[in-house]
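Just run_35.txt here, compact mmCIF, C-alpha atoms:
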# COMPACT_ATOMS: atom_id res chain seq x y z
CA MET O 1 12.84 -4.09 31.90
CA GLN O 2 9.80 -5.80 30.38
CA VAL O 3 7.47 -3.86 32.71
CA ALA O 4 8.85 -0.50 31.58
CA TRP O 5 8.26 -1.53 27.98
CA LYS O 6 4.61 -2.33 28.64
CA GLU O 7 4.04 0.86 30.64
CA ASN O 8 5.49 3.08 27.90
CA PHE O 9 3.76 1.25 25.06
CA ARG O 10 0.55 2.93 24.00
CA SER O 11 -1.22 1.15 21.18
CA GLN O 12 -3.61 4.12 20.88
CA ALA O 13 -0.70 6.15 19.49
CA PHE O 14 -0.70 3.97 16.35
CA ARG O 15 -3.15 4.58 13.56
CA VAL O 16 -3.68 3.27 10.05
CA GLN O 17 -3.47 6.05 7.51
CA LYS O 18 -4.30 5.90 3.80
CA PHE O 19 -2.03 7.93 1.54
CA ASN O 20 -2.35 6.62 -2.03
CA GLN O 21 0.06 9.34 -3.22
CA ASN O 22 3.50 9.68 -4.67
CA LEU O 23 6.18 10.19 -2.02
CA SER O 24 7.22 13.54 -3.56
CA LYS O 25 3.83 15.02 -2.55
CA ILE O 26 3.78 14.02 1.13
CA SER O 27 5.87 14.06 4.29
CA LEU O 28 5.95 10.75 6.13
CA PRO O 29 5.78 10.48 9.91
CA LYS O 30 7.51 7.60 11.68
CA GLY O 31 5.86 4.37 10.65
CA PHE O 32 5.61 1.17 8.68
CA TYR O 33 4.29 1.59 5.14
CA ARG O 34 3.01 -0.36 2.17
CA VAL O 35 4.65 1.17 -0.88
CA VAL O 36 5.07 0.52 -4.58
CA LEU O 37 8.61 1.07 -5.86
CA SER O 38 8.57 1.62 -9.63
CA LYS O 39 11.14 1.87 -12.39
CA PRO O 40 14.59 1.15 -10.95
CA LEU O 41 17.05 3.91 -11.84
CA THR O 42 20.33 2.01 -11.72
CA GLU O 43 21.61 -1.33 -12.95
CA TYR O 44 22.94 -1.95 -9.46
CA ILE O 45 19.52 -1.85 -7.78
CA SER O 46 18.06 -3.93 -10.61
CA ASN O 47 20.51 -6.75 -9.91
CA PHE O 48 21.39 -6.40 -6.22
CA HIS O 49 18.34 -5.80 -4.06
CA PRO O 50 16.84 -7.67 -1.09
CA PHE O 51 13.45 -8.27 -2.71
CA LYS O 52 12.41 -11.85 -3.35
CA TYR O 53 9.36 -13.49 -4.86
CA SER O 54 7.90 -15.71 -2.14
CA CYS O 55 5.38 -18.44 -2.60
CA PHE O 56 4.51 -21.40 -0.37
CA GLN O 57 7.41 -20.78 2.05
CA ARG O 58 9.98 -20.61 -0.75
CA SER O 59 11.80 -17.49 -1.93
CA PHE O 60 13.21 -16.81 -5.35
CA PRO O 61 15.56 -13.98 -6.39
CA LEU O 62 14.42 -11.77 -9.21
CA LYS O 63 15.93 -9.24 -11.57
CA LEU O 64 14.09 -5.94 -11.91
CA ASN O 65 13.59 -4.56 -15.40
CA SER O 66 13.39 -0.83 -16.12
CA GLN O 67 9.56 -0.76 -16.03
CA ASP O 68 9.01 -3.17 -13.10
CA GLU O 69 7.35 -2.29 -9.84
CA VAL O 70 7.50 -3.96 -6.44
CA GLU O 71 4.83 -3.67 -3.75
CA ILE O 72 6.50 -4.04 -0.37
CA PHE O 73 6.31 -3.08 3.32
CA LEU O 74 9.03 -0.63 4.45
CA PHE O 75 9.84 1.54 7.46
CA ASP O 76 10.17 5.29 6.83
CA GLU O 77 14.00 5.10 7.03
CA GLU O 78 14.04 2.37 4.38
CA ILE O 79 11.81 4.46 2.13
CA ASP O 80 14.34 7.31 2.42
CA TYR O 81 17.04 4.92 1.19
CA TYR O 82 15.09 3.37 -1.69
CA LYS O 83 13.70 6.65 -3.05
CA ARG O 84 17.17 7.34 -4.48
CA HIS O 85 17.07 4.09 -6.46
CA PHE O 86 13.57 4.20 -7.96
CA LYS O 87 11.93 6.78 -10.20
CA ASP O 88 8.55 6.52 -8.48
CA VAL O 89 7.71 5.68 -4.88
CA HIS O 90 3.98 5.46 -4.34
CA VAL O 91 2.85 5.24 -0.70
CA LEU O 92 -0.40 3.29 -0.41
CA ASP O 93 -0.98 3.22 3.35
CA GLY O 94 0.80 2.71 6.63
CA ILE O 95 0.76 2.35 10.36
CA VAL O 96 2.02 5.65 11.76
CA SER O 97 2.62 7.25 15.13
CA LYS O 98 3.67 10.64 16.44
CA GLN O 99 4.98 8.94 19.58
CA THR O 100 8.09 6.77 19.34
CA ILE O 101 9.53 4.45 21.96
CA LYS O 102 12.98 3.04 22.51
CA HIS O 103 13.64 -0.65 22.38
CA PRO O 104 13.69 -2.06 25.94
CA LEU O 105 17.37 -3.04 25.56
CA PHE O 106 18.47 0.23 23.92
CA ASN O 107 20.17 1.73 27.00
CA TYR O 108 21.97 -1.52 27.86
CA ALA O 109 23.22 -1.95 24.28
CA SER O 110 24.39 1.68 24.15
CA LYS O 111 26.38 1.23 27.37
CA LEU O 112 27.99 -1.96 26.05
CA TYR O 113 28.95 -0.22 22.82
CA SER O 114 30.45 2.78 24.68
CA ARG O 115 32.45 0.42 26.90
CA ARG O 116 33.69 -1.43 23.81
CA LEU O 117 34.87 1.81 22.18
CA LYS O 118 36.73 2.77 25.37
CA ALA O 119 38.34 -0.68 25.48
CA LEU O 120 39.48 -0.30 21.88
CA GLN O 121 40.93 3.15 22.62
CA SER O 122 42.86 1.80 25.59
CA LYS O 123 44.05 -1.12 23.42
CA ASN O 124 42.36 -3.73 25.63
CA LYS O 125 41.58 -6.21 22.85
CA THR O 126 40.35 -8.93 25.19
CA LEU O 127 37.69 -6.74 26.79
CA ALA O 128 36.74 -5.26 23.40
CA SER O 129 36.25 -8.77 21.97
CA LEU O 130 34.17 -9.82 24.98
CA LEU O 131 31.93 -6.75 24.66
CA LYS O 132 31.61 -7.34 20.92
CA LEU O 133 30.47 -10.89 21.65
CA LYS O 134 27.96 -9.64 24.23
CA LEU O 135 26.53 -7.20 21.68
CA ALA O 136 26.23 -9.96 19.09
CA MET O 137 24.49 -12.24 21.60
CA LEU O 138 22.15 -9.41 22.60
CA HIS O 139 21.22 -8.88 18.96
CA GLY O 140 20.60 -12.59 18.47
CA SER O 141 18.41 -12.85 21.55
CA THR O 142 15.99 -10.24 20.18
CA ASN O 143 15.71 -11.79 16.72
CA LYS O 144 14.29 -15.21 17.43
CA VAL O 145 13.07 -17.09 14.39
CA ASN O 146 9.55 -18.42 14.69
CA SER O 147 7.97 -20.26 11.84
CA LYS O 148 4.70 -22.02 11.44
CA SER O 149 3.47 -24.34 8.70
CA CYS O 150 -0.17 -24.43 7.75
CA ILE O 151 -2.00 -26.37 5.09
CA PHE O 152 -5.36 -25.03 3.95
CA SER O 153 -8.08 -27.12 2.38
CA ASP O 154 -9.63 -24.25 0.45
CA TYR O 155 -9.47 -20.55 -0.30
CA ASP O 156 -11.95 -19.52 2.42
CA GLU O 157 -9.86 -21.22 5.10
CA LEU O 158 -6.71 -19.46 3.87
CA LYS O 159 -8.50 -16.10 3.72
CA SER O 160 -9.88 -16.36 7.25
CA PHE O 161 -6.46 -17.41 8.58
CA ILE O 162 -4.76 -14.38 6.99
CA GLU O 163 -7.45 -12.02 8.25
CA ARG O 164 -7.28 -13.47 11.78
CA GLU O 165 -3.48 -13.79 12.12
CA PHE O 166 -2.25 -10.76 10.17
CA PHE O 167 -5.28 -8.46 10.31
CA ILE O 168 -5.31 -8.18 6.52
CA SER O 169 -8.80 -7.95 5.11
CA SER O 170 -8.03 -6.75 1.59
CA LEU O 171 -8.23 -10.29 0.17
CA SER O 172 -11.93 -9.81 -0.55
CA ARG O 173 -11.03 -8.31 -3.93
CA TYR O 174 -9.59 -11.68 -5.01
CA SER O 175 -12.05 -14.30 -6.07
CA LYS O 176 -11.59 -18.04 -5.71
CA GLU O 177 -11.02 -18.29 -9.47
CA ILE O 178 -8.16 -15.76 -9.38
CA PHE O 179 -6.65 -17.50 -6.38
CA GLY O 180 -6.65 -20.79 -8.30
CA THR O 181 -4.55 -19.22 -11.09
CA PHE O 182 -1.59 -18.31 -8.84
CA LYS O 183 1.34 -20.61 -9.58
CA CYS O 184 4.64 -21.10 -7.81
Please re-express this file's structure in structure tokens.
Amino acid sequence: MQVAWKENFRSQAFRVQKFNQNLSKISLPKGFYRVVLSKPLTEYISNFHPFKYSCFQRSFPLKLNSQDEVEIFLFDEEIDYYKRHFKDVHVLDGIVSKQTIKHPLFNYASKLYSRRLKALQSKNKTLASLLKLKLAMLHGSTNKVNSKSCIFSDYDELKSFIEREFFISSLSRYSKEIFGTFKC
């Protein structure tokens, strides 16, 4: 199964595209985007949202006020969901592709789910529970948690690490003085 994944995967199909426009003015292809969500519309989204302030491997919940904005990375489907809850959605840039690929375990998971539904219809609770467990284990096997701790002696070391590991080069707009003012 791994071989089929590598054969179908074409990194040339991905491209970085700058938008810097409000979502209402553009149509988004499949992709992963950096967006700014502004002005929450409902009290519910202000209080119950998945966004956290993260600093030095710690996360803190936050309450959004009516004029707040959050810069975040989202997939196109997530943007479709959040556009109902924010007055403005500004798309900065993204990694997009016209070509999409299935997850390597998609067909296997679909078969397991179909078998589970048939087991439930035929009132075979034991088989249905077993298939549910298999699906849960399959999900867990694809979401391994990897974490890494790094301590940096200075700003330049941190900047080069971020550029090398995450291919983010936009840190050049931050000076060492600004970096020193960030507090957690």
Please, what distance in Å, to one decimal, runs between atom CA of O:Gln99 and atom CA of O:Leu28?
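A separation of 13.6 Å between them.
Of the residues under consideration (O:Cys55, O:Ala119, O:Leu112, O:Ile95), O:Leu112 shows the shortest atom-to-atom contact distance to O:Lys134 when counting all atoms listed in the file.
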Could you pull the residues within 9 Å of O:Ile72, counting all atoms listed in the file, minus those fewer than 4 positions along the same chain, as a compact mmCIF listing (two decimals) with C-alpha atoms, in the frame of the given file?
# COMPACT_ATOMS: atom_id res chain seq x y z
CA TYR O 33 4.29 1.59 5.14
CA ARG O 34 3.01 -0.36 2.17
CA VAL O 35 4.65 1.17 -0.88
CA VAL O 36 5.07 0.52 -4.58
CA LEU O 37 8.61 1.07 -5.86
CA PHE O 51 13.45 -8.27 -2.71
Nearest to O:Asp93: which of O:Tyr155, O:Asp80, O:Arg164, O:Asn22 is it, counting only C-alpha atoms?
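Looking at the shortest contact to O:Asp93, the residue is O:Asn22.
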What does the distance between atom CA of O:Ala13 and atom CA of O:Ser97 come to in Å, to one decimal place?
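Rounded to one decimal, the two atoms are 5.6 Å apart.
As for atom CA of O:Lys83 and atom CA of O:Lys102, they are spaced 25.8 Å apart.
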Export all heavy atoms of stretch 87-101 of chain O from the structure just given, as a short mmCIF file (atom, residue, chain, number, x, y, z; two decimals), in the first residue's frame?
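Contents of decode.cif, freshly written:
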data_model
loop_
_atom_site.label_atom_id
_atom_site.label_comp_id
_atom_site.auth_asym_id
_atom_site.auth_seq_id
_atom_site.Cartn_x
_atom_site.Cartn_y
_atom_site.Cartn_z
N LYS O 87 -17.33 37.53 10.52
CA LYS O 87 -17.75 38.53 9.55
C LYS O 87 -16.79 38.59 8.36
O LYS O 87 -17.21 38.67 7.21
CB LYS O 87 -17.83 39.89 10.23
CG LYS O 87 -18.38 40.97 9.33
CD LYS O 87 -18.57 42.27 10.07
CE LYS O 87 -19.16 43.30 9.11
NZ LYS O 87 -19.31 44.58 9.76
N ASP O 88 -15.50 38.57 8.64
CA ASP O 88 -14.49 38.65 7.57
C ASP O 88 -13.57 37.44 7.62
O ASP O 88 -13.09 37.06 8.68
CB ASP O 88 -13.64 39.91 7.72
CG ASP O 88 -14.43 41.18 7.54
OD1 ASP O 88 -15.27 41.23 6.62
OD2 ASP O 88 -14.22 42.13 8.31
N VAL O 89 -13.33 36.87 6.44
CA VAL O 89 -12.33 35.81 6.29
C VAL O 89 -11.39 36.27 5.20
O VAL O 89 -11.77 36.37 4.03
CB VAL O 89 -12.98 34.46 5.92
CG1 VAL O 89 -11.91 33.40 5.71
CG2 VAL O 89 -13.97 34.02 6.98
N HIS O 90 -10.17 36.59 5.59
CA HIS O 90 -9.18 37.11 4.66
C HIS O 90 -8.15 36.00 4.39
O HIS O 90 -7.49 35.52 5.31
CB HIS O 90 -8.49 38.34 5.25
CG HIS O 90 -7.68 39.10 4.28
ND1 HIS O 90 -8.22 39.98 3.38
CD2 HIS O 90 -6.34 39.09 4.03
CE1 HIS O 90 -7.25 40.50 2.64
NE2 HIS O 90 -6.10 39.97 3.01
N VAL O 91 -8.05 35.58 3.14
CA VAL O 91 -7.13 34.51 2.76
C VAL O 91 -5.80 35.15 2.35
O VAL O 91 -5.75 35.92 1.40
CB VAL O 91 -7.69 33.66 1.60
CG1 VAL O 91 -6.74 32.54 1.25
CG2 VAL O 91 -9.07 33.11 1.96
N LEU O 92 -4.74 34.83 3.09
CA LEU O 92 -3.43 35.40 2.81
C LEU O 92 -2.72 34.62 1.71
O LEU O 92 -2.33 35.18 0.69
CB LEU O 92 -2.58 35.44 4.07
CG LEU O 92 -3.17 36.26 5.22
CD1 LEU O 92 -2.37 36.07 6.49
CD2 LEU O 92 -3.25 37.72 4.84
N ASP O 93 -2.52 33.33 1.94
CA ASP O 93 -1.85 32.47 0.96
C ASP O 93 -2.18 31.03 1.27
O ASP O 93 -2.87 30.74 2.25
CB ASP O 93 -0.33 32.70 0.94
CG ASP O 93 0.30 32.64 2.32
OD1 ASP O 93 -0.18 31.85 3.16
OD2 ASP O 93 1.27 33.37 2.57
N GLY O 94 -1.70 30.13 0.42
CA GLY O 94 -1.98 28.72 0.67
C GLY O 94 -1.20 27.80 -0.24
O GLY O 94 -0.57 28.24 -1.21
N ILE O 95 -1.24 26.55 0.12
CA ILE O 95 -0.66 25.49 -0.71
C ILE O 95 -1.84 24.80 -1.36
O ILE O 95 -2.69 24.22 -0.68
CB ILE O 95 0.16 24.50 0.14
CG1 ILE O 95 1.29 25.23 0.84
CG2 ILE O 95 0.68 23.37 -0.73
CD1 ILE O 95 2.01 24.40 1.88
N VAL O 96 -1.93 24.90 -2.68
CA VAL O 96 -3.10 24.41 -3.41
C VAL O 96 -2.71 23.37 -4.44
O VAL O 96 -1.55 23.25 -4.82
CB VAL O 96 -3.85 25.58 -4.11
CG1 VAL O 96 -4.32 26.59 -3.09
CG2 VAL O 96 -2.98 26.25 -5.14
N SER O 97 -3.71 22.62 -4.89
CA SER O 97 -3.49 21.61 -5.91
C SER O 97 -4.79 21.33 -6.64
O SER O 97 -5.85 21.29 -6.03
CB SER O 97 -2.99 20.31 -5.26
OG SER O 97 -2.84 19.31 -6.24
N LYS O 98 -4.68 21.14 -7.94
CA LYS O 98 -5.85 20.71 -8.73
C LYS O 98 -6.04 19.22 -8.59
O LYS O 98 -7.14 18.70 -8.70
CB LYS O 98 -5.67 21.09 -10.20
CG LYS O 98 -5.70 22.57 -10.44
CD LYS O 98 -5.51 22.89 -11.90
CE LYS O 98 -5.46 24.39 -12.10
NZ LYS O 98 -5.12 24.76 -13.45
N GLN O 99 -4.95 18.52 -8.34
CA GLN O 99 -4.98 17.06 -8.21
C GLN O 99 -5.14 16.70 -6.74
O GLN O 99 -4.48 17.25 -5.87
CB GLN O 99 -3.65 16.49 -8.73
CG GLN O 99 -3.51 15.00 -8.54
CD GLN O 99 -2.10 14.54 -8.89
OE1 GLN O 99 -1.27 15.31 -9.34
NE2 GLN O 99 -1.85 13.27 -8.69
N THR O 100 -6.05 15.78 -6.44
CA THR O 100 -6.20 15.29 -5.07
C THR O 100 -5.93 13.80 -5.06
O THR O 100 -6.09 13.11 -6.08
CB THR O 100 -7.62 15.55 -4.53
OG1 THR O 100 -8.57 14.89 -5.37
CG2 THR O 100 -7.92 17.03 -4.46
N ILE O 101 -5.51 13.31 -3.92
CA ILE O 101 -5.22 11.88 -3.78
C ILE O 101 -5.93 11.35 -2.56
O ILE O 101 -6.15 12.07 -1.58
CB ILE O 101 -3.69 11.61 -3.67
CG1 ILE O 101 -3.09 12.43 -2.54
CG2 ILE O 101 -2.99 11.89 -4.98
CD1 ILE O 101 -1.63 12.15 -2.27
#
